[in-house]
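K.L.:
Please read through the structure below; I'll follow up with questions.
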Amino acid sequence: MFEIGQRVALSVPASTGNVGPGYDSLGLALGHYDDLAVTVLEDGLEFELHGEGSEAVPRDADHLVVRAMRAAFRAAGVEELPGLRLEATNRIPHGRGMGSSATAVVGGVLAANALLPADRALDDARLLQVAAAMEGHPDNVAPSLYGGLVISWADAAGWRSVPVAVHEDVVPVVAIPDFEVPTRLARSLLPAQVPHHDAAVNAGRTALLVEAMTRRPDLLLPATEDRLHQPYRAAAMPPSARLMRGLRERGLAAMISGAGPTVLVLAAGPAQAREAERAVAELAPGGHDHPVAWRVLRLRVDGRGAKLEKHPQKIQG
């Protein structure tokens, strides 16, 4: 079924989930990419890994890309895992709330699908189901698949996602600290119940955020107010919580990216993006308990999602 030497290469964008008040419902694709190439071998697994977190990930069948490929093959009714060579350049930091695991999952699922015969290939809906099942939710995989701002929900048929084009003036600025917060820890801090008023506030702000992201970037500050998850998670990332509060006090639409600890500002245009960069430099020189180093990146919203750089092809040996 698989031809030795067949190869596919992809570029997959980072993502931020829980955008502002959009807990477990909104995700945004960010213009910061991991690159992946997969070549079919006669047998075995080979790895050439570079960049963020590459020294810590497994180099066997437990590698997340390999697991995602196996899941996609099985969804297509193919139990065989061929020999594979994985080449990856990772630029998305691990454990920082920028969707690094979702990027690996999306890369693996799409690579597997591109290597399948046309009559076995999965459609977009099935690709989303496979990727979301591995992550447990579509918040990050959907933006990495489709690009833009993505609204996700679940119904009897499974996960559903709709991408929305983002206004050209929206500029993401991320402040990435040198510490990690495990997603499992961040989620464990959320209460089982929240006040009805807080839920109502978040519902209104989430609706407003869609308007702000698509037509009215001047409304980003009020639209990104959240009462469902960020206040409860602050104890797990005090430097990030302090930075977020300081930026919002300056009128900047700052939030915790995903489960943290990266802080994301959605700026309304390049001038405000520069203002956000200056504000981060002033407000986040370090932590009160221990020094914290911050890396600040001005990105763009990725509007396309994962891209196949090369269609499957046979590499001549």
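Chain labels follow the order of the structure tokens: the first chain is A, the next B, and so on; residue numbering restarts at 1 in every chain, and ligands are counted from 1 in their shown order.
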For A:Arg70, work out the shell of residues within 10 Å, counting only C-alpha atoms and skipping chain neighbours fewer than 6 positions away, then give it as a ChimeraX atom specification.

P.N.:
/A:61,64,76,78-82,108-109,112

K.L.:
Which neighbours of A:His167 fall inside 7 Å, counting only C-alpha atoms, when residues of the same chain fewer than 5 positions from it are skipped, and could you give them as a list in words?

P.N.:
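Here the qualifying residues turn out to be Met213, Thr214 and Arg215 of chain A.
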
K.L.:
Using DSSP secondary structure from the backbone, list all strand (DSSP E) positions within stretch 141-230 of chain A, as a PyMOL selection string.

P.N.:
chain A and resi 149-155+158-164+170-177

K.L.:
Take the residues from that selection and write them out as an mmCIF file, in the first residue's frame, keeping N, CA and C atoms.

P.N.:
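Produced file again_33.cif, reproduced below:
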```
data_model
loop_
_atom_site.group_PDB
_atom_site.id
_atom_site.type_symbol
_atom_site.label_atom_id
_atom_site.label_comp_id
_atom_site.auth_asym_id
_atom_site.auth_seq_id
_atom_site.Cartn_x
_atom_site.Cartn_y
_atom_site.Cartn_z
ATOM 1 N N LEU A 149 -9.582 32.509 13.111
ATOM 2 C CA LEU A 149 -10.292 32.297 14.368
ATOM 3 C C LEU A 149 -11.280 31.168 14.128
ATOM 4 N N VAL A 150 -11.280 30.177 15.014
ATOM 5 C CA VAL A 150 -12.140 29.007 14.812
ATOM 6 C C VAL A 150 -13.071 28.842 16.000
ATOM 7 N N ILE A 151 -14.356 28.720 15.699
ATOM 8 C CA ILE A 151 -15.378 28.462 16.713
ATOM 9 C C ILE A 151 -15.685 26.973 16.703
ATOM 10 N N SER A 152 -15.593 26.333 17.864
ATOM 11 C CA SER A 152 -15.797 24.884 17.932
ATOM 12 C C SER A 152 -16.876 24.531 18.940
ATOM 13 N N TRP A 153 -17.556 23.443 18.663
ATOM 14 C CA TRP A 153 -18.569 22.923 19.574
ATOM 15 C C TRP A 153 -18.731 21.432 19.313
ATOM 16 N N ALA A 154 -19.513 20.769 20.162
ATOM 17 C CA ALA A 154 -19.766 19.343 20.000
ATOM 18 C C ALA A 154 -21.259 19.104 19.876
ATOM 19 N N ASP A 155 -21.635 18.131 19.048
ATOM 20 C CA ASP A 155 -23.023 17.684 18.977
ATOM 21 C C ASP A 155 -23.027 16.168 18.856
ATOM 22 N N GLY A 158 -20.316 14.568 16.815
ATOM 23 C CA GLY A 158 -18.911 14.730 17.178
ATOM 24 C C GLY A 158 -18.529 16.191 17.254
ATOM 25 N N TRP A 159 -17.253 16.463 17.014
ATOM 26 C CA TRP A 159 -16.755 17.827 17.074
ATOM 27 C C TRP A 159 -17.059 18.563 15.783
ATOM 28 N N ARG A 160 -17.404 19.834 15.929
ATOM 29 C CA ARG A 160 -17.636 20.697 14.773
ATOM 30 C C ARG A 160 -16.808 21.963 14.946
ATOM 31 N N SER A 161 -16.322 22.500 13.838
ATOM 32 C CA SER A 161 -15.533 23.740 13.882
ATOM 33 C C SER A 161 -15.828 24.582 12.653
ATOM 34 N N VAL A 162 -15.899 25.884 12.866
ATOM 35 C CA VAL A 162 -16.124 26.824 11.766
ATOM 36 C C VAL A 162 -15.047 27.901 11.834
ATOM 37 N N PRO A 163 -14.206 28.016 10.797
ATOM 38 C CA PRO A 163 -13.200 29.100 10.789
ATOM 39 C C PRO A 163 -13.822 30.425 10.363
ATOM 40 N N VAL A 164 -13.311 31.498 10.961
ATOM 41 C CA VAL A 164 -13.796 32.850 10.679
ATOM 42 C C VAL A 164 -12.594 33.711 10.305
ATOM 43 N N VAL A 170 -5.779 43.086 13.325
ATOM 44 C CA VAL A 170 -5.492 42.340 14.552
ATOM 45 C C VAL A 170 -4.071 41.772 14.474
ATOM 46 N N VAL A 171 -3.231 42.158 15.440
ATOM 47 C CA VAL A 171 -1.830 41.732 15.459
ATOM 48 C C VAL A 171 -1.546 41.018 16.791
ATOM 49 N N PRO A 172 -1.246 39.714 16.766
ATOM 50 C CA PRO A 172 -0.909 39.018 18.006
ATOM 51 C C PRO A 172 0.536 39.315 18.427
ATOM 52 N N VAL A 173 0.702 39.611 19.709
ATOM 53 C CA VAL A 173 2.028 39.758 20.315
ATOM 54 C C VAL A 173 2.084 38.797 21.488
ATOM 55 N N VAL A 174 3.094 37.930 21.509
ATOM 56 C CA VAL A 174 3.194 36.949 22.590
ATOM 57 C C VAL A 174 4.423 37.233 23.437
ATOM 58 N N ALA A 175 4.253 37.083 24.748
ATOM 59 C CA ALA A 175 5.360 37.158 25.705
ATOM 60 C C ALA A 175 5.494 35.772 26.310
ATOM 61 N N ILE A 176 6.584 35.091 25.957
ATOM 62 C CA ILE A 176 6.779 33.688 26.328
ATOM 63 C C ILE A 176 7.786 33.611 27.471
ATOM 64 N N PRO A 177 7.364 33.146 28.648
ATOM 65 C CA PRO A 177 8.307 33.050 29.770
ATOM 66 C C PRO A 177 9.140 31.783 29.691
#
```

K.L.:
Run DSSP on the backbone and tell me which residues of stretch 58-232 of chain A come out as alpha helix (DSSP H); list them as a PDB file with N, CA and C atoms, in the first residue's frame.

P.N.:
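Dumped everything to states_32.pdb:
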```
ATOM      1  N   LEU A  64       4.745  11.742  19.338  1.00  0.00           N
ATOM      2  CA  LEU A  64       3.367  12.163  19.123  1.00  0.00           C
ATOM      3  C   LEU A  64       2.988  12.169  17.643  1.00  0.00           C
ATOM      4  N   VAL A  65       3.901  12.520  16.775  1.00  0.00           N
ATOM      5  CA  VAL A  65       3.592  12.502  15.339  1.00  0.00           C
ATOM      6  C   VAL A  65       3.314  11.073  14.879  1.00  0.00           C
ATOM      7  N   VAL A  66       4.121  10.124  15.333  1.00  0.00           N
ATOM      8  CA  VAL A  66       3.908   8.727  14.947  1.00  0.00           C
ATOM      9  C   VAL A  66       2.566   8.230  15.480  1.00  0.00           C
ATOM     10  N   ARG A  67       2.247   8.567  16.727  1.00  0.00           N
ATOM     11  CA  ARG A  67       0.961   8.165  17.300  1.00  0.00           C
ATOM     12  C   ARG A  67      -0.202   8.753  16.510  1.00  0.00           C
ATOM     13  N   ALA A  68      -0.060  10.014  16.094  1.00  0.00           N
ATOM     14  CA  ALA A  68      -1.125  10.648  15.316  1.00  0.00           C
ATOM     15  C   ALA A  68      -1.257   9.994  13.940  1.00  0.00           C
ATOM     16  N   MET A  69      -0.137   9.634  13.340  1.00  0.00           N
ATOM     17  CA  MET A  69      -0.198   8.954  12.048  1.00  0.00           C
ATOM     18  C   MET A  69      -0.892   7.601  12.185  1.00  0.00           C
ATOM     19  N   ARG A  70      -0.558   6.876  13.230  1.00  0.00           N
ATOM     20  CA  ARG A  70      -1.200   5.578  13.444  1.00  0.00           C
ATOM     21  C   ARG A  70      -2.716   5.753  13.624  1.00  0.00           C
ATOM     22  N   ALA A  71      -3.119   6.775  14.381  1.00  0.00           N
ATOM     23  CA  ALA A  71      -4.548   7.017  14.595  1.00  0.00           C
ATOM     24  C   ALA A  71      -5.254   7.323  13.277  1.00  0.00           C
ATOM     25  N   ALA A  72      -4.625   8.119  12.409  1.00  0.00           N
ATOM     26  CA  ALA A  72      -5.234   8.446  11.118  1.00  0.00           C
ATOM     27  C   ALA A  72      -5.312   7.218  10.221  1.00  0.00           C
ATOM     28  N   PHE A  73      -4.246   6.424  10.210  1.00  0.00           N
ATOM     29  CA  PHE A  73      -4.277   5.198   9.413  1.00  0.00           C
ATOM     30  C   PHE A  73      -5.416   4.291   9.873  1.00  0.00           C
ATOM     31  N   ARG A  74      -5.552   4.128  11.179  1.00  0.00           N
ATOM     32  CA  ARG A  74      -6.606   3.255  11.702  1.00  0.00           C
ATOM     33  C   ARG A  74      -7.994   3.798  11.370  1.00  0.00           C
ATOM     34  N   ALA A  75      -8.153   5.112  11.422  1.00  0.00           N
ATOM     35  CA  ALA A  75      -9.449   5.707  11.057  1.00  0.00           C
ATOM     36  C   ALA A  75      -9.785   5.439   9.599  1.00  0.00           C
ATOM     37  N   SER A 100       1.705  23.380  21.021  1.00  0.00           N
ATOM     38  CA  SER A 100       2.766  22.551  20.437  1.00  0.00           C
ATOM     39  C   SER A 100       2.313  21.109  20.215  1.00  0.00           C
ATOM     40  N   SER A 101       1.575  20.540  21.162  1.00  0.00           N
ATOM     41  CA  SER A 101       1.129  19.154  20.985  1.00  0.00           C
ATOM     42  C   SER A 101       0.096  19.061  19.863  1.00  0.00           C
ATOM     43  N   ALA A 102      -0.792  20.046  19.770  1.00  0.00           N
ATOM     44  CA  ALA A 102      -1.784  20.039  18.696  1.00  0.00           C
ATOM     45  C   ALA A 102      -1.111  20.153  17.330  1.00  0.00           C
ATOM     46  N   THR A 103      -0.036  20.925  17.269  1.00  0.00           N
ATOM     47  CA  THR A 103       0.700  21.057  16.012  1.00  0.00           C
ATOM     48  C   THR A 103       1.273  19.720  15.577  1.00  0.00           C
ATOM     49  N   ALA A 104       1.827  18.966  16.533  1.00  0.00           N
ATOM     50  CA  ALA A 104       2.360  17.640  16.214  1.00  0.00           C
ATOM     51  C   ALA A 104       1.250  16.698  15.770  1.00  0.00           C
ATOM     52  N   VAL A 105       0.117  16.759  16.456  1.00  0.00           N
ATOM     53  CA  VAL A 105      -1.009  15.895  16.098  1.00  0.00           C
ATOM     54  C   VAL A 105      -1.507  16.221  14.698  1.00  0.00           C
ATOM     55  N   VAL A 106      -1.716  17.495  14.413  1.00  0.00           N
ATOM     56  CA  VAL A 106      -2.197  17.894  13.090  1.00  0.00           C
ATOM     57  C   VAL A 106      -1.188  17.498  12.014  1.00  0.00           C
ATOM     58  N   GLY A 107       0.101  17.721  12.289  1.00  0.00           N
ATOM     59  CA  GLY A 107       1.119  17.327  11.319  1.00  0.00           C
ATOM     60  C   GLY A 107       1.089  15.841  11.034  1.00  0.00           C
ATOM     61  N   GLY A 108       0.957  15.029  12.092  1.00  0.00           N
ATOM     62  CA  GLY A 108       0.931  13.584  11.910  1.00  0.00           C
ATOM     63  C   GLY A 108      -0.303  13.114  11.171  1.00  0.00           C
ATOM     64  N   VAL A 109      -1.460  13.648  11.528  1.00  0.00           N
ATOM     65  CA  VAL A 109      -2.709  13.236  10.884  1.00  0.00           C
ATOM     66  C   VAL A 109      -2.706  13.613   9.405  1.00  0.00           C
ATOM     67  N   LEU A 110      -2.263  14.833   9.096  1.00  0.00           N
ATOM     68  CA  LEU A 110      -2.242  15.263   7.699  1.00  0.00           C
ATOM     69  C   LEU A 110      -1.183  14.523   6.886  1.00  0.00           C
ATOM     70  N   ALA A 111      -0.033  14.255   7.490  1.00  0.00           N
ATOM     71  CA  ALA A 111       1.001  13.502   6.776  1.00  0.00           C
ATOM     72  C   ALA A 111       0.507  12.106   6.445  1.00  0.00           C
ATOM     73  N   ALA A 112      -0.109  11.442   7.425  1.00  0.00           N
ATOM     74  CA  ALA A 112      -0.647  10.108   7.182  1.00  0.00           C
ATOM     75  C   ALA A 112      -1.691  10.139   6.081  1.00  0.00           C
ATOM     76  N   ASN A 113      -2.573  11.119   6.127  1.00  0.00           N
ATOM     77  CA  ASN A 113      -3.639  11.199   5.124  1.00  0.00           C
ATOM     78  C   ASN A 113      -3.075  11.418   3.724  1.00  0.00           C
ATOM     79  N   ALA A 114      -2.017  12.219   3.630  1.00  0.00           N
ATOM     80  CA  ALA A 114      -1.414  12.478   2.324  1.00  0.00           C
ATOM     81  C   ALA A 114      -0.719  11.253   1.759  1.00  0.00           C
ATOM     82  N   LEU A 115      -0.290  10.342   2.637  1.00  0.00           N
ATOM     83  CA  LEU A 115       0.383   9.126   2.179  1.00  0.00           C
ATOM     84  C   LEU A 115      -0.593   8.006   1.820  1.00  0.00           C
ATOM     85  N   ASP A 124     -12.232  16.263   5.495  1.00  0.00           N
ATOM     86  CA  ASP A 124     -11.905  17.251   6.528  1.00  0.00           C
ATOM     87  C   ASP A 124     -12.598  16.958   7.852  1.00  0.00           C
ATOM     88  N   ALA A 125     -13.842  16.520   7.784  1.00  0.00           N
ATOM     89  CA  ALA A 125     -14.590  16.248   9.012  1.00  0.00           C
ATOM     90  C   ALA A 125     -13.954  15.114   9.806  1.00  0.00           C
ATOM     91  N   ARG A 126     -13.523  14.072   9.123  1.00  0.00           N
ATOM     92  CA  ARG A 126     -12.887  12.942   9.810  1.00  0.00           C
ATOM     93  C   ARG A 126     -11.514  13.328  10.334  1.00  0.00           C
ATOM     94  N   LEU A 127     -10.792  14.131   9.589  1.00  0.00           N
ATOM     95  CA  LEU A 127      -9.492  14.593  10.073  1.00  0.00           C
ATOM     96  C   LEU A 127      -9.636  15.348  11.380  1.00  0.00           C
ATOM     97  N   LEU A 128     -10.660  16.211  11.460  1.00  0.00           N
ATOM     98  CA  LEU A 128     -10.907  16.950  12.697  1.00  0.00           C
ATOM     99  C   LEU A 128     -11.228  16.000  13.844  1.00  0.00           C
ATOM    100  N   GLN A 129     -12.052  14.992  13.600  1.00  0.00           N
ATOM    101  CA  GLN A 129     -12.428  14.051  14.659  1.00  0.00           C
ATOM    102  C   GLN A 129     -11.205  13.314  15.199  1.00  0.00           C
ATOM    103  N   VAL A 130     -10.358  12.850  14.289  1.00  0.00           N
ATOM    104  CA  VAL A 130      -9.172  12.094  14.718  1.00  0.00           C
ATOM    105  C   VAL A 130      -8.245  12.983  15.538  1.00  0.00           C
ATOM    106  N   ALA A 131      -7.985  14.185  15.042  1.00  0.00           N
ATOM    107  CA  ALA A 131      -7.070  15.091  15.743  1.00  0.00           C
ATOM    108  C   ALA A 131      -7.656  15.533  17.087  1.00  0.00           C
ATOM    109  N   ALA A 132      -8.935  15.878  17.110  1.00  0.00           N
ATOM    110  CA  ALA A 132      -9.564  16.342  18.348  1.00  0.00           C
ATOM    111  C   ALA A 132      -9.650  15.220  19.375  1.00  0.00           C
ATOM    112  N   ALA A 133      -9.865  13.993  18.918  1.00  0.00           N
ATOM    113  CA  ALA A 133      -9.917  12.859  19.844  1.00  0.00           C
ATOM    114  C   ALA A 133      -8.575  12.668  20.542  1.00  0.00           C
ATOM    115  N   MET A 134      -7.482  12.878  19.817  1.00  0.00           N
ATOM    116  CA  MET A 134      -6.167  12.737  20.429  1.00  0.00           C
ATOM    117  C   MET A 134      -5.896  13.842  21.440  1.00  0.00           C
ATOM    118  N   GLU A 135      -6.347  15.061  21.153  1.00  0.00           N
ATOM    119  CA  GLU A 135      -6.117  16.197  22.050  1.00  0.00           C
ATOM    120  C   GLU A 135      -7.151  16.274  23.169  1.00  0.00           C
ATOM    121  N   VAL A 141      -6.329  22.111  17.702  1.00  0.00           N
ATOM    122  CA  VAL A 141      -6.142  21.409  16.424  1.00  0.00           C
ATOM    123  C   VAL A 141      -6.935  22.080  15.310  1.00  0.00           C
ATOM    124  N   ALA A 142      -8.125  22.600  15.602  1.00  0.00           N
ATOM    125  CA  ALA A 142      -8.944  23.208  14.551  1.00  0.00           C
ATOM    126  C   ALA A 142      -8.266  24.443  13.946  1.00  0.00           C
ATOM    127  N   PRO A 143      -7.739  25.383  14.761  1.00  0.00           N
ATOM    128  CA  PRO A 143      -7.023  26.507  14.144  1.00  0.00           C
ATOM    129  C   PRO A 143      -5.793  26.063  13.346  1.00  0.00           C
ATOM    130  N   SER A 144      -5.067  25.066  13.851  1.00  0.00           N
ATOM    131  CA  SER A 144      -3.901  24.597  13.112  1.00  0.00           C
ATOM    132  C   SER A 144      -4.301  23.949  11.792  1.00  0.00           C
ATOM    133  N   LEU A 145      -5.481  23.335  11.755  1.00  0.00           N
ATOM    134  CA  LEU A 145      -5.976  22.739  10.514  1.00  0.00           C
ATOM    135  C   LEU A 145      -6.476  23.793   9.530  1.00  0.00           C
ATOM    136  N   TYR A 146      -7.290  24.741  10.031  1.00  0.00           N
ATOM    137  CA  TYR A 146      -8.037  25.620   9.141  1.00  0.00           C
ATOM    138  C   TYR A 146      -7.500  27.040   9.053  1.00  0.00           C
ATOM    139  N   THR A 183      -0.666  21.612  31.211  1.00  0.00           N
ATOM    140  CA  THR A 183      -2.090  21.843  30.955  1.00  0.00           C
ATOM    141  C   THR A 183      -2.957  21.127  31.982  1.00  0.00           C
ATOM    142  N   ARG A 184      -2.538  19.936  32.379  1.00  0.00           N
ATOM    143  CA  ARG A 184      -3.329  19.174  33.362  1.00  0.00           C
ATOM    144  C   ARG A 184      -3.427  19.938  34.682  1.00  0.00           C
ATOM    145  N   LEU A 185      -2.333  20.565  35.106  1.00  0.00           N
ATOM    146  CA  LEU A 185      -2.359  21.355  36.337  1.00  0.00           C
ATOM    147  C   LEU A 185      -3.287  22.553  36.180  1.00  0.00           C
ATOM    148  N   ALA A 186      -3.166  23.263  35.076  1.00  0.00           N
ATOM    149  CA  ALA A 186      -4.002  24.445  34.863  1.00  0.00           C
ATOM    150  C   ALA A 186      -5.483  24.078  34.863  1.00  0.00           C
ATOM    151  N   ARG A 187      -5.825  22.966  34.235  1.00  0.00           N
ATOM    152  CA  ARG A 187      -7.232  22.558  34.185  1.00  0.00           C
ATOM    153  C   ARG A 187      -7.726  22.117  35.557  1.00  0.00           C
ATOM    154  N   SER A 188      -6.847  21.538  36.367  1.00  0.00           N
ATOM    155  CA  SER A 188      -7.264  21.046  37.687  1.00  0.00           C
ATOM    156  C   SER A 188      -7.665  22.180  38.630  1.00  0.00           C
ATOM    157  N   HIS A 196     -23.539  32.321  38.319  1.00  0.00           N
ATOM    158  CA  HIS A 196     -24.341  32.544  37.119  1.00  0.00           C
ATOM    159  C   HIS A 196     -23.966  33.867  36.452  1.00  0.00           C
ATOM    160  N   HIS A 197     -23.719  34.901  37.254  1.00  0.00           N
ATOM    161  CA  HIS A 197     -23.371  36.208  36.688  1.00  0.00           C
ATOM    162  C   HIS A 197     -22.080  36.130  35.885  1.00  0.00           C
ATOM    163  N   ASP A 198     -21.082  35.399  36.400  1.00  0.00           N
ATOM    164  CA  ASP A 198     -19.820  35.272  35.672  1.00  0.00           C
ATOM    165  C   ASP A 198     -20.017  34.548  34.345  1.00  0.00           C
ATOM    166  N   ALA A 199     -20.844  33.510  34.359  1.00  0.00           N
ATOM    167  CA  ALA A 199     -21.120  32.786  33.112  1.00  0.00           C
ATOM    168  C   ALA A 199     -21.815  33.698  32.102  1.00  0.00           C
ATOM    169  N   ALA A 200     -22.742  34.526  32.585  1.00  0.00           N
ATOM    170  CA  ALA A 200     -23.451  35.444  31.691  1.00  0.00           C
ATOM    171  C   ALA A 200     -22.501  36.493  31.113  1.00  0.00           C
ATOM    172  N   VAL A 201     -21.594  37.010  31.960  1.00  0.00           N
ATOM    173  CA  VAL A 201     -20.609  37.971  31.468  1.00  0.00           C
ATOM    174  C   VAL A 201     -19.764  37.338  30.366  1.00  0.00           C
ATOM    175  N   ASN A 202     -19.295  36.122  30.583  1.00  0.00           N
ATOM    176  CA  ASN A 202     -18.460  35.481  29.582  1.00  0.00           C
ATOM    177  C   ASN A 202     -19.203  35.218  28.278  1.00  0.00           C
ATOM    178  N   ALA A 203     -20.471  34.841  28.374  1.00  0.00           N
ATOM    179  CA  ALA A 203     -21.250  34.612  27.158  1.00  0.00           C
ATOM    180  C   ALA A 203     -21.327  35.891  26.325  1.00  0.00           C
ATOM    181  N   GLY A 204     -21.590  37.006  26.996  1.00  0.00           N
ATOM    182  CA  GLY A 204     -21.665  38.279  26.275  1.00  0.00           C
ATOM    183  C   GLY A 204     -20.330  38.697  25.691  1.00  0.00           C
ATOM    184  N   ARG A 205     -19.267  38.518  26.473  1.00  0.00           N
ATOM    185  CA  ARG A 205     -17.946  38.927  25.975  1.00  0.00           C
ATOM    186  C   ARG A 205     -17.468  38.023  24.832  1.00  0.00           C
ATOM    187  N   THR A 206     -17.819  36.749  24.867  1.00  0.00           N
ATOM    188  CA  THR A 206     -17.432  35.857  23.775  1.00  0.00           C
ATOM    189  C   THR A 206     -18.114  36.280  22.477  1.00  0.00           C
ATOM    190  N   ALA A 207     -19.397  36.621  22.556  1.00  0.00           N
ATOM    191  CA  ALA A 207     -20.089  37.111  21.365  1.00  0.00           C
ATOM    192  C   ALA A 207     -19.447  38.409  20.868  1.00  0.00           C
ATOM    193  N   LEU A 208     -19.115  39.291  21.806  1.00  0.00           N
ATOM    194  CA  LEU A 208     -18.475  40.557  21.441  1.00  0.00           C
ATOM    195  C   LEU A 208     -17.100  40.318  20.814  1.00  0.00           C
ATOM    196  N   LEU A 209     -16.394  39.298  21.280  1.00  0.00           N
ATOM    197  CA  LEU A 209     -15.053  39.027  20.761  1.00  0.00           C
ATOM    198  C   LEU A 209     -15.095  38.639  19.281  1.00  0.00           C
ATOM    199  N   VAL A 210     -16.104  37.895  18.875  1.00  0.00           N
ATOM    200  CA  VAL A 210     -16.225  37.557  17.452  1.00  0.00           C
ATOM    201  C   VAL A 210     -16.390  38.826  16.622  1.00  0.00           C
ATOM    202  N   GLU A 211     -17.200  39.762  17.099  1.00  0.00           N
ATOM    203  CA  GLU A 211     -17.353  41.050  16.404  1.00  0.00           C
ATOM    204  C   GLU A 211     -16.030  41.824  16.395  1.00  0.00           C
ATOM    205  N   ALA A 212     -15.327  41.838  17.528  1.00  0.00           N
ATOM    206  CA  ALA A 212     -14.062  42.572  17.617  1.00  0.00           C
ATOM    207  C   ALA A 212     -12.998  41.974  16.700  1.00  0.00           C
ATOM    208  N   MET A 213     -12.941  40.662  16.624  1.00  0.00           N
ATOM    209  CA  MET A 213     -11.917  39.999  15.819  1.00  0.00           C
ATOM    210  C   MET A 213     -12.184  40.107  14.328  1.00  0.00           C
ATOM    211  N   THR A 214     -13.431  40.254  13.952  1.00  0.00           N
ATOM    212  CA  THR A 214     -13.768  40.242  12.530  1.00  0.00           C
ATOM    213  C   THR A 214     -14.050  41.620  11.941  1.00  0.00           C
ATOM    214  N   LEU A 220     -11.468  45.192  21.255  1.00  0.00           N
ATOM    215  CA  LEU A 220     -10.746  44.012  21.754  1.00  0.00           C
ATOM    216  C   LEU A 220     -10.566  44.017  23.270  1.00  0.00           C
ATOM    217  N   LEU A 221     -10.341  45.175  23.862  1.00  0.00           N
ATOM    218  CA  LEU A 221     -10.120  45.188  25.316  1.00  0.00           C
ATOM    219  C   LEU A 221     -11.352  44.711  26.089  1.00  0.00           C
ATOM    220  N   PRO A 222     -12.516  45.309  25.918  1.00  0.00           N
ATOM    221  CA  PRO A 222     -13.664  44.775  26.654  1.00  0.00           C
ATOM    222  C   PRO A 222     -14.045  43.367  26.208  1.00  0.00           C
ATOM    223  N   ALA A 223     -13.810  43.040  24.943  1.00  0.00           N
ATOM    224  CA  ALA A 223     -14.213  41.737  24.418  1.00  0.00           C
ATOM    225  C   ALA A 223     -13.383  40.590  24.984  1.00  0.00           C
ATOM    226  N   GLN A 230      -9.205  32.242  33.597  1.00  0.00           N
ATOM    227  CA  GLN A 230      -7.950  32.906  33.934  1.00  0.00           C
ATOM    228  C   GLN A 230      -7.826  33.289  35.413  1.00  0.00           C
ATOM    229  N   PRO A 231      -8.868  33.803  36.061  1.00  0.00           N
ATOM    230  CA  PRO A 231      -8.708  34.130  37.488  1.00  0.00           C
ATOM    231  C   PRO A 231      -8.355  32.920  38.352  1.00  0.00           C
ATOM    232  N   TYR A 232      -8.889  31.758  38.013  1.00  0.00           N
ATOM    233  CA  TYR A 232      -8.651  30.558  38.811  1.00  0.00           C
ATOM    234  C   TYR A 232      -7.262  29.973  38.560  1.00  0.00           C
TER     235      TYR A 232
END
```

K.L.:
Please provide the set of residues having any atom within 8 Å of A:Asn140, restricted to only C-alpha atoms, with same-chain residues fewer than 5 positions apart removed, written as number ranges by chain.

P.N.:
A: 15-17, 27-28, 99, 102-103

K.L.:
With only C-alpha atoms as the basis for distance, which of A:Gly260, A:Gly53, A:Gly83, A:Gly251 is at the shortest distance from A:Thr224?

P.N.:
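For A:Thr224, the nearest of the given residues is A:Gly251.
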